[in-house]
Structure formats: C-alpha cells, structure tokens
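**Q** Input file: structure_0.cif. Contents: mmCIF, C-alpha atoms.
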data_start
loop_
_atom_site.label_atom_id
_atom_site.label_comp_id
_atom_site.auth_asym_id
_atom_site.auth_seq_id
_atom_site.Cartn_x
_atom_site.Cartn_y
_atom_site.Cartn_z
CA MET A 25 23.28 21.84 -31.62
CA ASP A 26 21.25 19.53 -33.84
CA MET A 27 17.98 20.09 -35.66
CA ARG A 28 15.84 18.35 -33.02
CA ASP A 29 17.30 20.47 -30.22
CA LEU A 30 16.68 23.59 -32.21
CA ASN A 31 13.09 22.67 -32.97
CA GLU A 32 12.50 21.97 -29.29
CA LEU A 33 14.01 25.30 -28.36
CA ARG A 34 11.92 27.08 -30.94
CA GLY A 35 8.82 25.37 -29.60
CA GLU A 36 9.71 26.51 -26.08
CA PHE A 37 10.39 30.03 -27.32
CA GLU A 38 7.02 30.22 -29.09
CA ALA A 39 5.26 28.77 -26.04
CA LEU A 40 6.89 31.43 -23.87
CA GLN A 41 5.84 34.17 -26.27
CA GLN A 42 2.25 32.85 -26.25
CA GLN A 43 2.32 32.56 -22.47
CA ASN A 44 3.48 36.17 -22.19
CA ALA A 45 0.76 37.27 -24.61
CA SER A 46 -1.93 35.46 -22.64
CA LEU A 47 -0.58 36.93 -19.38
CA GLU A 48 -0.85 40.38 -20.95
CA CYS A 49 -4.49 39.64 -21.76
CA ALA A 50 -5.12 38.31 -18.29
CA ASP A 51 -4.01 41.60 -16.76
CA GLY A 52 -6.29 43.55 -19.07
CA SER A 53 -3.68 45.04 -21.38
CA CYS A 54 -5.35 43.57 -24.48
CA ILE A 55 -8.47 45.67 -24.02
CA SER A 56 -8.71 49.14 -25.54
CA ASP A 57 -6.92 52.10 -23.94
CA GLU A 58 -10.17 53.80 -23.11
CA GLU A 59 -11.58 50.71 -21.37
CA ALA A 60 -8.33 50.05 -19.54
CA ARG A 61 -8.08 53.47 -17.87
CA GLU A 62 -9.01 53.27 -14.23
CA ASP A 63 -10.57 55.92 -12.04
CA TYR A 64 -8.11 57.66 -9.74
CA PRO A 65 -8.70 59.80 -6.63
CA ASP A 66 -6.42 62.61 -7.82
CA TYR A 67 -4.68 63.85 -10.96
CA LEU A 68 -1.23 63.03 -9.59
CA ARG A 69 -1.99 59.34 -9.30
CA ALA A 70 -3.90 59.34 -12.59
CA ILE A 71 -1.01 60.81 -14.57
CA TYR A 72 1.65 58.73 -12.81
CA ALA A 73 -0.22 55.50 -13.49
CA GLU A 74 -1.46 56.25 -17.01
CA ILE A 75 1.05 58.61 -18.63
CA MET A 76 4.42 58.01 -16.99
CA PRO A 77 4.77 54.28 -17.88
CA PRO A 78 6.35 53.97 -21.37
CA ALA A 79 4.24 50.84 -21.92
CA LYS A 80 1.06 52.93 -21.63
CA SER A 81 2.01 56.27 -23.16
CA GLY A 82 4.54 55.13 -25.77
CA THR A 83 6.90 57.73 -24.28
CA TYR A 84 9.79 57.51 -21.85
CA PHE A 85 9.79 60.53 -19.55
CA SER A 86 13.22 60.48 -17.92
CA ARG A 87 14.38 62.50 -14.91
CA TRP A 88 16.01 65.03 -17.22
CA ASP A 89 12.82 65.25 -19.28
CA LEU A 90 10.90 66.15 -16.11
CA LYS A 91 13.53 68.71 -15.17
CA ARG A 92 13.47 70.27 -18.63
CA MET A 93 9.66 70.40 -18.76
CA ALA A 94 9.59 72.08 -15.33
CA SER A 95 12.28 74.52 -16.33
CA GLU A 96 10.15 75.60 -19.32
CA LEU A 97 7.63 76.72 -16.68
CA ASP A 98 10.32 78.44 -14.58
CA GLU A 99 10.17 75.71 -11.98
CA SER A 100 13.28 73.94 -10.73
CA PHE A 101 13.96 70.92 -8.60
CA ALA A 102 16.96 68.71 -7.93
CA LEU A 103 17.54 65.39 -9.69
CA ASP A 104 16.05 62.74 -7.47
CA VAL A 105 14.13 59.46 -7.70
CA ARG A 106 11.97 59.70 -10.83
CA GLU A 107 8.70 59.28 -8.94
CA ARG A 108 9.65 61.98 -6.41
CA MET A 109 10.60 64.37 -9.20
CA PHE A 110 7.27 63.73 -10.85
CA GLN A 111 5.48 64.43 -7.55
CA LYS A 112 7.37 67.71 -7.11
CA PHE A 113 6.43 68.74 -10.62
CA MET A 114 2.77 67.98 -9.96
CA GLN A 115 2.83 69.77 -6.61
CA TRP A 116 3.82 72.95 -8.45
CA ILE A 117 0.34 73.01 -9.99
CA ALA A 118 -1.83 75.50 -8.13
CA THR A 119 -4.39 76.65 -10.68
CA PRO A 120 -6.20 75.24 -13.74
CA GLU A 121 -3.89 77.43 -15.85
CA ASP A 122 -0.85 75.74 -14.30
CA MET A 123 -2.35 72.37 -15.14
CA GLN A 124 -2.91 73.44 -18.74
CA ALA A 125 0.72 74.54 -18.92
CA VAL A 126 1.94 71.22 -17.53
CA ILE A 127 -0.25 69.27 -19.94
CA GLY A 128 1.14 71.45 -22.72
CA GLU A 129 4.69 70.45 -21.78
CA PHE A 130 3.78 66.76 -21.69
CA LYS A 131 2.14 67.02 -25.11
CA LYS A 132 5.07 68.95 -26.57
CA LEU A 133 7.51 66.23 -25.57
CA MET A 134 5.19 63.47 -26.78
CA ASP A 135 4.78 65.18 -30.15
CA LEU A 136 8.55 65.51 -30.43
CA LYS A 137 8.98 61.79 -29.81
CA CYS A 138 6.25 60.98 -32.34
CA ASP A 139 8.06 62.98 -35.03
CA ILE A 140 11.15 60.85 -34.42
CA TYR A 141 9.05 57.63 -34.44
CA ARG A 142 7.60 58.67 -37.82
CA ASP A 143 11.07 59.38 -39.23
CA TYR A 144 12.36 55.96 -38.18
CA ALA A 145 9.22 54.20 -39.44
CA THR A 146 9.74 55.83 -42.85
CA LYS A 147 13.45 55.04 -42.96
CA TYR A 148 12.97 51.43 -41.72
CA PRO A 149 9.53 50.25 -42.94
CA ALA A 150 9.76 46.93 -41.09
CA THR A 151 9.54 48.87 -37.82
CA LYS A 152 6.44 50.84 -38.87
CA GLU A 153 4.03 48.57 -37.01
CA SER A 154 5.92 48.99 -33.75
CA PHE A 155 6.29 52.76 -34.08
CA ASP A 156 2.64 53.15 -35.18
CA LYS A 157 1.56 51.40 -31.97
CA LYS A 158 3.60 53.87 -29.94
CA ILE A 159 2.11 56.81 -31.84
CA GLN A 160 -1.41 55.49 -31.13
CA LYS A 161 -0.54 55.26 -27.43
CA VAL A 162 0.75 58.82 -27.50
CA GLU A 163 -2.47 60.09 -29.11
CA ALA A 164 -4.62 58.19 -26.58
CA SER A 165 -2.48 59.58 -23.75
CA LYS A 166 -2.83 63.15 -24.99
CA ALA A 167 -6.62 62.68 -25.01
CA TYR A 168 -6.40 61.22 -21.49
CA LEU A 169 -4.53 64.30 -20.24
CA ASP A 170 -7.41 66.47 -21.51
CA LYS A 171 -9.83 64.17 -19.70
CA VAL A 172 -7.83 64.52 -16.47
CA TYR A 173 -7.99 68.29 -16.81
CA VAL A 174 -11.76 68.26 -17.23
CA GLU A 175 -12.23 65.78 -14.40
CA PHE A 176 -10.03 67.44 -11.78
CA PHE A 177 -9.82 71.13 -12.77
CA THR A 178 -13.20 72.18 -14.13
CA MET B 29 28.21 29.60 -48.39
CA ASN B 30 29.16 32.57 -50.56
CA ASP B 31 31.71 35.18 -49.50
CA GLU B 32 29.22 38.02 -49.42
CA LEU B 33 26.91 36.21 -47.00
CA LYS B 34 29.87 35.23 -44.82
CA GLN B 35 31.09 38.82 -44.79
CA GLU B 36 27.65 40.12 -43.89
CA GLN B 37 27.21 37.61 -41.07
CA THR B 38 30.69 38.30 -39.72
CA ALA B 39 29.96 42.04 -39.71
CA ARG B 40 26.70 41.46 -37.80
CA ILE B 41 28.51 39.32 -35.25
CA ASN B 42 31.28 41.86 -34.76
CA ILE B 43 28.89 44.77 -34.42
CA TYR B 44 26.66 42.98 -31.90
CA ALA B 45 29.78 42.05 -29.90
CA LEU B 46 31.06 45.63 -29.91
CA LEU B 47 27.70 47.18 -29.02
CA SER B 48 27.04 44.64 -26.30
CA ARG B 49 30.43 45.36 -24.73
CA LEU B 50 30.07 49.14 -24.94
CA THR B 51 26.56 49.20 -23.45
CA MET B 52 27.45 46.78 -20.66
CA SER B 53 30.40 48.52 -19.02
CA GLU B 54 32.74 51.48 -19.21
CA VAL B 55 35.12 51.71 -22.16
CA ASP B 56 38.79 51.02 -21.35
CA GLU B 57 41.94 52.36 -23.00
CA GLY B 58 42.51 49.26 -25.12
CA LEU B 59 38.99 49.23 -26.52
CA LEU B 60 39.00 52.97 -27.16
CA LYS B 61 42.29 52.63 -29.03
CA SER B 62 40.94 49.80 -31.16
CA ILE B 63 37.92 51.98 -32.08
CA GLU B 64 40.11 54.99 -32.87
CA ASP B 65 42.60 52.95 -34.91
CA ASP B 66 39.98 51.31 -37.12
CA GLU B 67 38.64 53.69 -39.76
CA ASN B 68 35.57 51.56 -40.36
CA ILE B 69 34.56 51.49 -36.70
CA LEU B 70 35.47 55.14 -36.17
CA SER B 71 33.14 56.06 -39.04
CA PHE B 72 30.28 55.00 -36.75
CA PHE B 73 31.47 57.61 -34.23
CA PRO B 74 31.56 60.72 -36.45
CA THR B 75 31.00 63.29 -33.71
CA TYR B 76 33.58 61.64 -31.46
CA ALA B 77 36.09 61.51 -34.33
CA LYS B 78 36.01 65.33 -34.47
CA TRP B 79 35.60 65.91 -30.74
CA LYS B 80 38.07 68.57 -29.57
CA LYS B 81 38.48 66.98 -26.14
CA ARG B 82 40.39 64.16 -27.86
CA ASP B 83 43.18 66.64 -28.65
CA GLU B 84 43.18 68.07 -25.15
CA TYR B 85 43.41 64.87 -23.13
CA LYS B 86 45.17 61.53 -23.29
CA SER B 87 42.87 58.51 -23.52
CA LYS B 88 43.15 57.65 -19.82
CA GLU B 89 42.20 61.18 -18.76
CA LEU B 90 39.46 61.39 -21.35
CA ILE B 91 37.97 58.17 -20.03
CA GLU B 92 38.24 59.09 -16.37
CA ARG B 93 37.13 62.72 -16.67
CA TYR B 94 34.40 62.41 -19.24
CA LEU B 95 33.48 59.01 -20.64
CA ASN B 96 33.09 57.13 -17.35
CA VAL B 97 31.02 59.95 -15.88
CA ASP B 98 28.74 59.92 -18.91
CA PHE B 99 28.44 56.13 -18.85
CA THR B 100 27.39 56.28 -15.19
CA ASN B 101 24.75 58.92 -15.96
CA LEU B 102 23.32 57.15 -18.99
CA PHE B 103 23.54 53.48 -18.02
CA LEU B 104 23.52 53.40 -14.22
CA LEU B 105 22.11 56.53 -12.68
CA HIS B 106 19.60 58.58 -14.64
CA LEU B 107 18.25 56.38 -17.44
CA ILE B 108 16.90 52.85 -17.28
CA PRO B 109 18.50 50.32 -19.67
CA TYR B 110 16.18 47.41 -18.74
CA GLU B 111 13.37 46.10 -20.94
CA SER B 112 10.86 45.33 -18.18
CA PHE B 113 10.63 49.01 -17.20
CA TYR B 114 9.44 49.86 -20.72
CA MET B 115 7.12 46.87 -21.14
CA ARG B 116 5.33 46.70 -17.81
CA ASP B 117 2.26 48.80 -17.12
CA ASP B 118 3.52 49.48 -13.61
CA GLN B 119 6.90 50.77 -14.95
CA MET B 120 8.77 48.48 -12.55
CA MET B 121 11.90 46.52 -13.33
CA GLU B 122 11.56 42.75 -13.04
CA THR B 123 14.75 41.58 -11.37
CA GLY B 124 13.50 38.14 -10.31
CA GLY B 125 12.89 34.85 -12.00
CA ASP B 126 9.59 36.04 -13.51
CA ASN B 127 11.41 38.20 -16.04
CA PRO B 128 10.10 37.00 -19.45
CA VAL B 129 13.47 37.65 -21.11
CA GLN B 130 15.23 35.58 -18.44
CA ALA B 131 12.78 32.76 -19.23
CA ILE B 132 13.76 32.90 -22.91
CA PHE B 133 17.46 32.88 -22.02
CA ASN B 134 16.87 29.90 -19.73
CA ALA B 135 15.15 28.03 -22.56
CA PHE B 136 18.22 28.58 -24.74
CA GLU B 137 20.63 27.81 -21.92
CA PHE B 138 22.07 31.29 -22.37
CA LYS B 139 23.54 31.91 -18.94
CA VAL B 140 23.74 35.42 -17.63
CA GLU B 141 26.14 36.11 -14.77
CA LEU B 142 24.52 39.23 -13.38
CA ASP B 143 27.27 40.00 -10.88
CA LYS B 144 30.05 39.66 -13.45
CA ALA B 145 28.11 41.75 -15.95
CA ARG B 146 27.29 44.22 -13.14
CA VAL B 147 23.65 44.37 -14.16
CA MET B 148 20.50 43.94 -12.07
CA ALA B 149 18.45 41.85 -14.51
CA ALA B 150 18.88 39.78 -17.64
CA ASP B 151 16.83 42.18 -19.75
CA HIS B 152 19.65 44.77 -19.75
CA ILE B 153 20.42 46.30 -23.16
CA GLY B 154 23.96 44.86 -23.20
CA ILE B 155 22.75 41.34 -22.38
CA GLU B 156 20.03 41.37 -25.04
CA LEU B 157 22.58 42.52 -27.62
CA GLU B 158 24.90 39.74 -26.47
CA PHE B 159 22.09 37.23 -26.95
CA MET B 160 21.73 38.45 -30.54
CA TYR B 161 25.51 38.09 -30.94
CA GLU B 162 25.29 34.46 -29.82
CA LEU B 163 22.39 33.74 -32.21
CA CYS B 164 24.25 35.35 -35.13
CA LYS B 165 27.40 33.40 -34.29
CA ALA B 166 25.48 30.11 -34.21
CA GLU B 167 23.80 31.05 -37.53
CA LEU B 168 27.18 31.64 -39.19
CA LYS B 169 28.49 28.33 -37.87
CA ALA B 170 25.45 26.53 -39.29
CA LEU B 171 25.92 28.24 -42.66
CA GLU B 172 29.60 27.28 -42.73
CA ASN B 173 28.63 23.69 -41.98
CA GLY B 174 26.08 23.78 -44.78
CA ASP B 175 23.16 23.38 -42.33
CA LYS B 176 20.85 25.87 -44.00
CA GLU B 177 17.83 24.52 -42.15
CA ILE B 178 19.39 25.25 -38.76
CA ALA B 179 20.65 28.61 -39.97
CA LEU B 180 17.18 29.69 -41.05
CA GLN B 181 15.71 28.55 -37.74
CA LEU B 182 18.27 30.73 -35.95
CA ALA B 183 17.44 33.66 -38.23
CA GLN B 184 13.75 33.17 -37.40
CA LEU B 185 14.59 33.27 -33.71
CA GLN B 186 16.52 36.50 -34.17
CA TYR B 187 13.57 38.01 -36.01
CA GLY B 188 11.16 36.98 -33.25
CA PHE B 189 13.38 38.25 -30.44
CA MET B 190 13.91 41.58 -32.16
CA GLN B 191 10.24 42.03 -33.02
CA ASP B 192 8.91 41.15 -29.56
CA HIS B 193 11.65 42.66 -27.45
CA ILE B 194 14.47 44.78 -28.87
CA ILE B 195 12.43 46.85 -31.34
CA GLU B 196 9.69 47.36 -28.78
CA TRP B 197 11.77 49.09 -26.13
CA MET B 198 15.34 49.94 -27.09
CA PRO B 199 14.44 52.89 -29.35
CA MET B 200 12.65 54.60 -26.43
CA TYR B 201 15.70 54.25 -24.21
CA LEU B 202 18.27 55.08 -26.90
CA MET B 203 16.44 58.22 -28.02
CA ASN B 204 16.84 59.50 -24.47
CA VAL B 205 20.50 58.45 -24.34
CA LYS B 206 21.10 60.49 -27.51
CA ASN B 207 19.29 63.42 -26.01
CA GLU B 208 21.01 63.30 -22.64
CA ALA B 209 24.54 62.23 -23.61
CA GLY B 210 27.16 64.59 -22.27
CA THR B 211 29.97 63.32 -24.51
CA ALA B 212 30.34 62.89 -28.26
CA PHE B 213 31.26 59.25 -27.69
CA TYR B 214 28.02 58.18 -26.02
CA PHE B 215 25.91 60.36 -28.32
CA ASP B 216 27.42 58.50 -31.27
CA LEU B 217 27.12 55.14 -29.52
CA ALA B 218 23.38 55.66 -28.93
CA ASP B 219 22.89 56.64 -32.56
CA PHE B 220 24.98 53.69 -33.72
CA VAL B 221 23.00 51.15 -31.66
CA LEU B 222 19.68 52.67 -32.70
CA GLU B 223 20.44 52.75 -36.42
CA PHE B 224 22.02 49.31 -36.31
CA ILE B 225 19.17 47.49 -34.58
CA LEU B 226 16.60 49.11 -36.87
CA SER B 227 18.56 48.30 -40.01
CA ASP B 228 19.31 44.76 -38.80
CA PHE B 229 15.60 44.22 -38.23
CA GLU B 230 15.03 45.51 -41.76
CA TYR B 231 17.51 42.88 -43.01
CA LEU B 232 15.81 40.08 -41.03
CA ASP B 233 12.42 41.24 -42.29
CA ARG B 234 13.64 40.99 -45.90
CA LEU B 235 15.03 37.55 -45.15
CA LYS B 236 11.66 36.56 -43.68
CA LYS B 237 9.80 37.88 -46.73
CA ASN B 238 12.07 35.65 -48.82
CA GLU B 239 11.01 32.76 -46.57
CA PHE B 240 14.47 32.79 -44.95
CA ASN B 241 16.00 31.81 -48.27
CA TYR B 242 19.52 33.31 -48.28
CA ASP B 243 19.99 32.75 -52.00
CA ALA B 244 16.74 34.50 -52.87
CA LEU B 245 17.76 37.46 -50.70
CA ALA B 246 21.15 37.63 -52.45
CA GLU B 247 19.41 37.57 -55.85
CA GLU B 248 17.01 40.31 -54.71
CA LYS B 249 19.98 42.46 -53.67
CA ALA B 250 21.78 41.82 -56.98
#
Please express the file's structure as structure tokens.
**A**
Amino acid sequence: MDMRDLNELRGEFEALQQQNASLECADGSCISDEEAREDYPDYLRAIYAEIMPPAKSGTYFSRWDLKRMASELDESFALDVRERMFQKFMQWIATPEDMQAVIGEFKKLMDLKCDIYRDYATKYPATKESFDKKIQKVEASKAYLDKVYVEFFT
Amino acid sequence: MNDELKQEQTARINIYALLSRLTMSEVDEGLLKSIEDDENILSFFPTYAKWKKRDEYKSKELIERYLNVDFTNLFLLHLIPYESFYMRDDQMMETGGDNPVQAIFNAFEFKVELDKARVMAADHIGIELEFMYELCKAELKALENGDKEIALQLAQLQYGFMQDHIIEWMPMYLMNVKNEAGTAFYFDLADFVLEFILSDFEYLDRLKKNEFNYDALAEEKA
C-alpha cells in the first residue's frame, strides 16, 4: 500500500462519513429530539418507535430487560421476538397506575445505564462526548415517557 | 521504531485478533487451552480463572454444556451484535449493500465472507474488531518500514472508525452481554472487550492530541 493509495482511501472514507452524516440530516435525525418526535395513535406505538430504539433513547432494552422489568411488576411472559415481548408488556397495562409503574421500570433501567455511562466517561475521558450524548437521549426519553402518560392516560 | 512502540502495537494486534475470534464464533478446546495456559491472557478472565465449573468438567464438556450455550444466547439468539440495530432510528438491522459499515469495508477492499464468518451483516462486532486488527497490523508494518506518514494515516483511520462506529454502539451491546452472561467466561469476555475498546480509544485520542506523533506520545508517557 503506498501513500497515494492511502490518501485516496482516506478521502473515500471521509466522503462516506460525510455522506452518512448528510443522510442522517435528510431523514430528520439532526433536528432536536423534541422536534423529531412524531404523533402516534396509541402509547404502544409511541413507546416502541421513540423509546425502544437504542439510537433514540440511548438505551438498549433487550428481551431479558423486558422480562425483568415485567417481573418487577409481577407479570411474566415467555422469551419471544423482542417486538412481541414489548407488545405483551404494554398489553398488561390496564390503568393509569399500571402505566406509571411501567414508566417507572423504564426510567429505573435507563438511570442504571446512565450511571454506568458516567463511570466509563470518567474513567476514559475521550469517550465522554459519546456517553454524554447517550445520557442526553436518556433524559429526553424520560421526559417523553411523561408526555406519553399525560397524552394517553389523563 | 523503538521496542516499546513495537511491543504496544503487537499487543494491540494480538488483542484485536483474540477478541475478534472470540466474538465471532464459539470457543474451541485449542483456543480455550491457549487462554488458560497464558497467564497474561488469563488475567483478563479473572472470574473464569476462579470458576468452579472448571474443576468439575473437562474442557470439552465445559464448552459443550456451558460455553456454547451461553455464546448462542449472547451472540445469536437473545442479544443483537450488529451496529445498524443500534444506529438506526427504526432499530432494524441493515443486511444489504446499503450498510454504511459495508461501504467503508468495500472502500478499503476489506472483504467479509459472511457465510464463512456465520454472520448476517458486515457490521457484526467480530468483523468490526477484525477490521481494527487489520488496520493495526498495517500500521505496525508501516512503522517497521519506517513509513511514519502511512502509519499515522492508518492511526487516524482507526481513530475515525472507533469514534464514529465502535464507541457509538458496542458499549450498549456489551453492557447487556455482561448483564446477561450465564458463564464466567462470557462475562469476563464482555468486560475485556468493553475495557479494551475504551482504553484503546483513549490511546488513539492521546496520539491524535499529539498530532499522531509517536515520539511525542512516548515522551509524554515518559
């Protein structure tokens, strides 16, 4: 590999990165969280689309996370496709109090993840920017959960 | 090229190779033995080193009864070791040609044989770690040949790939692997990968702050 090849490759790499960044802007992900949130017909779709994606909430909710959160509320369901497990968890909600309890479980897990993000950001300062972004997403997502509660349960 | 830099680069290469292999497919008896027989490597698996099951079962049984089951749960069945899932707003995996990581690999002529690697997309954790291994290997070769300019370009590429990809998603996945591991081996592996990628990014960041000047970094360390 000579210097010219490498420079060309670097140029291509940077162009790809810029292209990806501009694609992200084209799909609206460069606008603020509040502006980007869509309106949804029900809380199930709202939470699945806005909280469950790690890219939006800064948190990965795995199948076991869903099972553990449900078990904290004395609910149990089998391990299944992640989306189906999420739907089962949401279908358990019957009252505004249930919804508050579910939101509480989501927030508890998000706070737990944030504590770990903060620890890593302190231990490895170069990663602080990345972890701070995730923490901001978590905070915006927690606020969004409160908004969903007000919108669909009050 | 001084010995310390060569040693450091060789260690990075070896660790990326090991982690790529262990996150890509099940551990086999030979690999497990080489981990157990090497004090340095075993020190990265402290829980596994003291794991009582090691006294109860021979390696083959340990692998078949416990480690393979855990690998399947953590890398194939219950958790998602693909970048696109963590980066896309629709939480979908990109298995086609539009995968941005695949596009980077194509640009570098880094060929991924998905069927051989038994992965569904190029943005699998094991493949991204292998890409870093290749970049580190090329950087060492450039340093040995006295091509510092090429070496620093390769270090810049590593920094960029880690910043835009690895650091953005792997911690989210690995934190869950740690949490959901059913064996000491995969708990330690998740911790090892997590701590290593974060500390390696710290190293590349220091190198970047020294304008990718290896000598200046060595002086800073001294």
**Q** For chain B, report every residue with an atom at most 8 Å from chain A (counting only C-alpha atoms), formatted as a PyMOL selection string.
**A** chain B and resi 106-107+113-119+128+131-132+135-136+177-178+181+185+195-196+200-201+204+208+226-227+229-230+233
**Q** With all atoms of region 69-85 of chain A from the file as input, state the centre and edge lengths in Å to one decimal of the axis-aligned box that has 6 Å extra on each side, as AutoDock Vina command-line options.
**A**
--center_x 2.9 --center_y 55.8 --center_z -17.5 --size_x 25.7 --size_y 22.0 --size_z 28.5
**Q** Please expand the PyMOL selection byres ((chain A and resi 168-174) around 8) into the concrete residues it hits in this file, giving the result as a PyMOL selection string.
**A** chain A and resi 67+70-71+120+123-124+127+164-167+175-178
**Q** Do you know which residues are at most 9 Å from region 70-80 of chain B counting all atoms listed in the file, after dropping those on the same chain fewer than 3 positions away, and could you put them as a list in words?
**A** Ile63, Glu64, Asp65, Asp66, Glu67, Asp83, Glu84, Thr211, Ala212, Phe213, Tyr214, Phe215, Asp216, Leu217, Asp219 and Phe220 of chain B
**Q** Kindly give the distance, in Å, that separates CA of Leu171 (chain B) and CA of Met29 (chain B), rounded to a single decimal.
**A** 6.3 Å
**Q** As an exercise, work out the distance from CA of Ile159 (chain A) to CA of Phe159 (chain B) in Å and give it to one decimal place.
**A** 28.4 Å
**Q** Just the number, please: distance in Å from CA of Ile41 (chain B) to CA of Glu54 (chain B), one decimal.
**A**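 Distance reported for this atom pair: 20.6 Å.
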**Q** List the residues sitting within 10 Å of (20.4, 39.6, -17.8) in the file's frame, using only C-alpha atoms, as a PDB file with C-alpha atoms, in the frame of the given file.
**A**
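The resulting file, result.pdb, is shown below:
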ATOM      1  CA  TYR B 110      16.180  47.410 -18.740  1.00  0.00           C
ATOM      2  CA  THR B 123      14.750  41.580 -11.370  1.00  0.00           C
ATOM      3  CA  ASN B 127      11.410  38.200 -16.040  1.00  0.00           C
ATOM      4  CA  VAL B 129      13.470  37.650 -21.110  1.00  0.00           C
ATOM      5  CA  GLN B 130      15.230  35.580 -18.440  1.00  0.00           C
ATOM      6  CA  PHE B 133      17.460  32.880 -22.020  1.00  0.00           C
ATOM      7  CA  PHE B 138      22.070  31.290 -22.370  1.00  0.00           C
ATOM      8  CA  LYS B 139      23.540  31.910 -18.940  1.00  0.00           C
ATOM      9  CA  VAL B 140      23.740  35.420 -17.630  1.00  0.00           C
ATOM     10  CA  GLU B 141      26.140  36.110 -14.770  1.00  0.00           C
ATOM     11  CA  LEU B 142      24.520  39.230 -13.380  1.00  0.00           C
ATOM     12  CA  ASP B 143      27.270  40.000 -10.880  1.00  0.00           C
ATOM     13  CA  ALA B 145      28.110  41.750 -15.950  1.00  0.00           C
ATOM     14  CA  ARG B 146      27.290  44.220 -13.140  1.00  0.00           C
ATOM     15  CA  VAL B 147      23.650  44.370 -14.160  1.00  0.00           C
ATOM     16  CA  MET B 148      20.500  43.940 -12.070  1.00  0.00           C
ATOM     17  CA  ALA B 149      18.450  41.850 -14.510  1.00  0.00           C
ATOM     18  CA  ALA B 150      18.880  39.780 -17.640  1.00  0.00           C
ATOM     19  CA  ASP B 151      16.830  42.180 -19.750  1.00  0.00           C
ATOM     20  CA  HIS B 152      19.650  44.770 -19.750  1.00  0.00           C
ATOM     21  CA  ILE B 153      20.420  46.300 -23.160  1.00  0.00           C
ATOM     22  CA  GLY B 154      23.960  44.860 -23.200  1.00  0.00           C
ATOM     23  CA  ILE B 155      22.750  41.340 -22.380  1.00  0.00           C
ATOM     24  CA  GLU B 156      20.030  41.370 -25.040  1.00  0.00           C
ATOM     25  CA  GLU B 158      24.900  39.740 -26.470  1.00  0.00           C
ATOM     26  CA  PHE B 159      22.090  37.230 -26.950  1.00  0.00           C
TER      27      PHE B 159
END
**Q** Please enumerate the residues selected by the PyMOL selection byres ((chain B and resi 99) around 10) when evaluated against the supplied file, formatted as a ChimeraX atom specification.
**A** /B:50-55,91,94-98,100-105,205,209-211,213-214
**Q** I'd like the contact shell of Ser87 (chain B) - 8 Å cut-off, only C-alpha atoms, skipping same-chain residues fewer than 4 positions apart - returned as a list of chain:residue names.
**A**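 Final neighbour list, sorted by chain and number: B:Glu57, B:Leu60, B:Arg82, B:Ile91.
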